[in-house]
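Notes to accompany the following structure.
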Amino acid sequence: MKPDTRHLSRHPTRHLTRRTLLQAAAGAAALAAMKLQAAEAQWTGAFEVLDLDWADSARQRAVPVRLYLPATAQARSARLPLVVFSHGIGGSRRGYSYLGQHFARNGVASLHLQHVGSDRNLWMGNVFGLVGRLQGAAQDAEAIARAQDLRFALDTLLAGDLAPRLDDSRIVAAGHSYGANTTLLAAGAKVAREGRSIVLKDERVRAAIAISAPPFYGEREPRRVLESVTVPSLHVTATDDIIRIPGYYSGSEDRVAVFDAVGSRAKWLAVFEGGSHSMFTDRAGTGGVALNPQVKAATQALTLAFVSAVFEGDGSAISAWPQQHAAILARFSAPAV
């Protein structure tokens with residue numbers, strides 16, 4: 001399926017003067033008044049941001065995405081690797097921008113999905129219905145739909161005008177929290193239900209980045225679910241990476257159990273000291289005012305080093321990373337050489 005480019009907004013990044021910024025702000029207000037859909041401008045000079053409002057007609061489900069695309073000048077010599085990022089419960093395509101921007105600045109395209117059945121709309125409406133909405137979003141139907149969103153987004157992107165700029169042999173699935181579960185399903189996790197296995201693996205996914213991965217809903221034996229994940233994987237968490245929402249609790253030890261259960265021989269684990277579960281989102285200050293930006297910067301460097309190690313065979317950056325960030329690191333595990 002080819003993307004509908006009528007709803008595509010391009011924002012080449014550039015440096016602006018104060019006067020130009022004021023003019024841009026006025027223009028943005030006018031566009032908003034006309035209810036035009038547009039991406040937020042990113043003024044870094046290294047990439048552009050595209051908001052694409054896709055819909056899967058077969059499932060009658062919207063799949064909005066945001067694509068961080070390296071500037072054309074960076075993409076002339078070779079096709080770009082691609083990260084497909086899945087948000088946590090209650091998130092949106094605008095989230096985890098610190099990662100999307102960092103990838104794009106360094107020559108990696110980053111496609112951020114929005115899962116309409118478990119996105120930011122959960123927080124809206126009657127507060128007394130919040131628990132029910134959260135519990136509903138955690139059920140099998142939405143977990144399956146999220147993995148199908150990822151497949152549909154890849155299908156659509158790789159059939160569109162941007163496909164020649166992307167390398168379909170270098171695709172990484174990535175996600176935080178619930179999005180880490182989505183990532184692992186796309187990477188080969190198998191969940192048994194009513195005597196049969198639910199398999200949602202996408203063969204185009206060649207590596208996985210699981211940030212703050214909780215155990216799969218209703219599953220007590222992670223190895224049975226995750227031993228079929230054999231692509232290279234990176235797992236990121238913190239000692240205080242604890243999930244507390246009404247009716248659900250998951251301690252940081254669950255993140256390590258997911259890492260241990262994954263069947264890949266090439267897998268890495270980084271555990272930061274302290275922190276919080278939401279520290280890996282765009283929220284500032286959570287997990288510690290000083291620690292939060294340090295962890296974000298370290299996670300940017302680590303995820304990019306992982307992509308380089310997997311797709312370029314250059315393990316120098318990921319080998320040097322633990323020493324560079326030792327002050328905030330509680331544990332680091334790497335594949336045996």
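Chain labels A, B, ... are given in the sequence in which chains occur in the structure tokens; within each chain residues are numbered consecutively from 1, and ligands are likewise numbered from 1 in the order shown.
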Please report as a tab-separated table every residue of range 122-208 of chain A lying within 8 Å of range 212-221 of chain A, along with the nearest atom pair and their distance in Å (one decimal), using only C-alpha atoms.
residue	atom	partner	partner_atom	distance
A:Ala138	CA	A:Tyr217	CA	7.2
A:Gln139	CA	A:Tyr217	CA	7.5
A:His176	CA	A:Ser212	CA	5.8
A:Ser177	CA	A:Ala213	CA	4.9
A:Tyr178	CA	A:Ala213	CA	7.0
A:Gly179	CA	A:Ala213	CA	7.9
A:Ala180	CA	A:Ala213	CA	5.0
A:Asn181	CA	A:Ala213	CA	6.3
Non-local contacts of range 270-274 of chain A (7 Å; only C-alpha atoms; under 4 positions in same chain excluded) as a ChimeraX atom specification: /A:235-240,328-333
Can I get the selection written as a short mmCIF file (atom, residue, chain, number, x, y, z; two decimals), in the first residue's frame, with C-alpha atoms?
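Saved result, out11.cif, follows:
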data_model
loop_
_atom_site.label_atom_id
_atom_site.label_comp_id
_atom_site.auth_asym_id
_atom_site.auth_seq_id
_atom_site.Cartn_x
_atom_site.Cartn_y
_atom_site.Cartn_z
CA HIS A 235 17.72 -4.46 26.92
CA VAL A 236 17.73 -1.24 28.94
CA THR A 237 16.37 -0.73 32.46
CA ALA A 238 17.22 0.69 35.91
CA THR A 239 17.29 -0.60 39.46
CA ASP A 240 14.20 1.49 40.29
CA ILE A 328 25.46 5.86 36.54
CA LEU A 329 25.56 2.16 35.70
CA ALA A 330 24.65 -0.68 38.07
CA ARG A 331 25.18 -3.55 35.66
CA PHE A 332 26.17 -4.24 32.07
CA SER A 333 26.12 -7.59 30.28
#
Sel. of alpha helix (DSSP H) residues, range 145-252 of chain A, as a PyMOL selection string: chain A and resi 145-157+178-186+222-226
Expected file contents, prior selection, C-alpha atoms, as a short mmCIF file (atom, residue, chain, number, x, y, z; two decimals), in the first residue's frame:
data_model
loop_
_atom_site.label_atom_id
_atom_site.label_comp_id
_atom_site.auth_asym_id
_atom_site.auth_seq_id
_atom_site.Cartn_x
_atom_site.Cartn_y
_atom_site.Cartn_z
CA ALA A 145 -3.31 -5.09 17.30
CA ARG A 146 -0.15 -3.24 18.30
CA ALA A 147 2.06 -5.84 16.61
CA GLN A 148 -0.19 -5.62 13.56
CA ASP A 149 0.23 -1.82 13.62
CA LEU A 150 3.98 -2.32 13.37
CA ARG A 151 3.64 -4.68 10.41
CA PHE A 152 1.19 -2.37 8.64
CA ALA A 153 3.44 0.66 9.18
CA LEU A 154 6.41 -1.19 7.68
CA ASP A 155 4.32 -2.39 4.76
CA THR A 156 3.12 1.13 4.06
CA LEU A 157 6.45 2.88 4.47
CA TYR A 178 4.22 -2.03 26.61
CA GLY A 179 6.07 -1.04 23.45
CA ALA A 180 8.91 -3.37 24.45
CA ASN A 181 6.37 -6.22 24.49
CA THR A 182 5.23 -5.16 21.02
CA THR A 183 8.87 -5.12 19.92
CA LEU A 184 9.50 -8.63 21.21
CA LEU A 185 6.36 -9.98 19.53
CA ALA A 186 7.57 -8.56 16.22
CA PRO A 222 9.09 -15.89 30.30
CA ARG A 223 11.46 -18.39 28.71
CA ARG A 224 8.57 -20.23 27.07
CA VAL A 225 7.47 -16.94 25.47
CA LEU A 226 10.87 -15.47 24.64
#
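The space separating CA of Asp241 in chain A from CA of Met279 in chain A comes to 8.4 Å.
Residues in contact with Val172 in chain A at 10 Å, where only C-alpha atoms are counted and same-chain residues fewer than 5 positions away are skipped, are listed as Pro81, Leu82, Val83, Val84, Phe85, Ser110, Thr183, Ala186, Ala187, Arg204, Val205, Arg206, Ala207, Ala208, Ile209, Val231, Pro232, Ser233, Val307, Val310 and Phe311 of chain A.
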Those of range 141-233 of chain A in DSSP strand (DSSP E), formatted as a ChimeraX atom specification: /A:166-176,190-193,196-199,205-211,233
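Rounded to one decimal, CA of Ala326 in chain A and CA of Thr281 in chain A lie 21.7 Å from each other.
Atom to atom, CA of Ala336 in chain A and CA of Trp268 in chain A stand 10.1 Å apart.
The protein and nucleic acid residues lying at most 10 Å from Pro335 in chain A are Pro232, Ser264, Arg265, Ala266, Lys267, Trp268 and Leu269 of chain A, with only C-alpha atoms considered and sequence neighbours fewer than 4 positions away removed.
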Keeping N, CA and C atoms for every residue in the selection just given, could you write it to a file as an mmCIF file, in the first residue's frame?
data_model
loop_
_atom_site.group_PDB
_atom_site.id
_atom_site.type_symbol
_atom_site.label_atom_id
_atom_site.label_comp_id
_atom_site.auth_asym_id
_atom_site.auth_seq_id
_atom_site.Cartn_x
_atom_site.Cartn_y
_atom_site.Cartn_z
ATOM 1 N N PRO A 232 19.534 -10.312 17.384
ATOM 2 C CA PRO A 232 20.286 -9.540 18.376
ATOM 3 C C PRO A 232 19.360 -8.590 19.129
ATOM 4 N N SER A 264 18.242 -15.111 22.085
ATOM 5 C CA SER A 264 19.347 -14.639 21.263
ATOM 6 C C SER A 264 20.693 -14.862 21.941
ATOM 7 N N ARG A 265 21.691 -15.275 21.146
ATOM 8 C CA ARG A 265 23.047 -15.371 21.675
ATOM 9 C C ARG A 265 23.707 -14.003 21.730
ATOM 10 N N ALA A 266 23.263 -13.107 20.874
ATOM 11 C CA ALA A 266 23.812 -11.746 20.827
ATOM 12 C C ALA A 266 22.840 -10.818 21.534
ATOM 13 N N LYS A 267 23.027 -10.670 22.847
ATOM 14 C CA LYS A 267 22.131 -9.799 23.598
ATOM 15 C C LYS A 267 22.917 -9.033 24.649
ATOM 16 N N TRP A 268 22.509 -7.791 24.843
ATOM 17 C CA TRP A 268 23.154 -6.875 25.775
ATOM 18 C C TRP A 268 22.133 -6.402 26.803
ATOM 19 N N LEU A 269 22.604 -6.114 28.017
ATOM 20 C CA LEU A 269 21.754 -5.584 29.083
ATOM 21 C C LEU A 269 22.464 -4.430 29.773
#
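Restricting the calculation to only C-alpha atoms, the smallest distance between Arg79 in chain A and any of A:Ser169, A:Ser276, A:Ser319, A:Thr299 is found for A:Ser169.
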Option closest in space to Ala62 in chain A, from A:Gln324, A:Gln300, A:Gln114, A:Thr230 [counting only C-alpha atoms]: A:Gln114
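Shortest separation to Leu99 in chain A among A:Gly175, A:Gly275, A:Gly125, A:Gly313 occurs at residue A:Gly175, atoms counted being only C-alpha atoms.
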Nearest to Phe259 in chain A by atom-to-atom distance, counting only C-alpha atoms, from A:Leu302, A:Ile318, A:Leu291, A:Ile211: A:Ile211
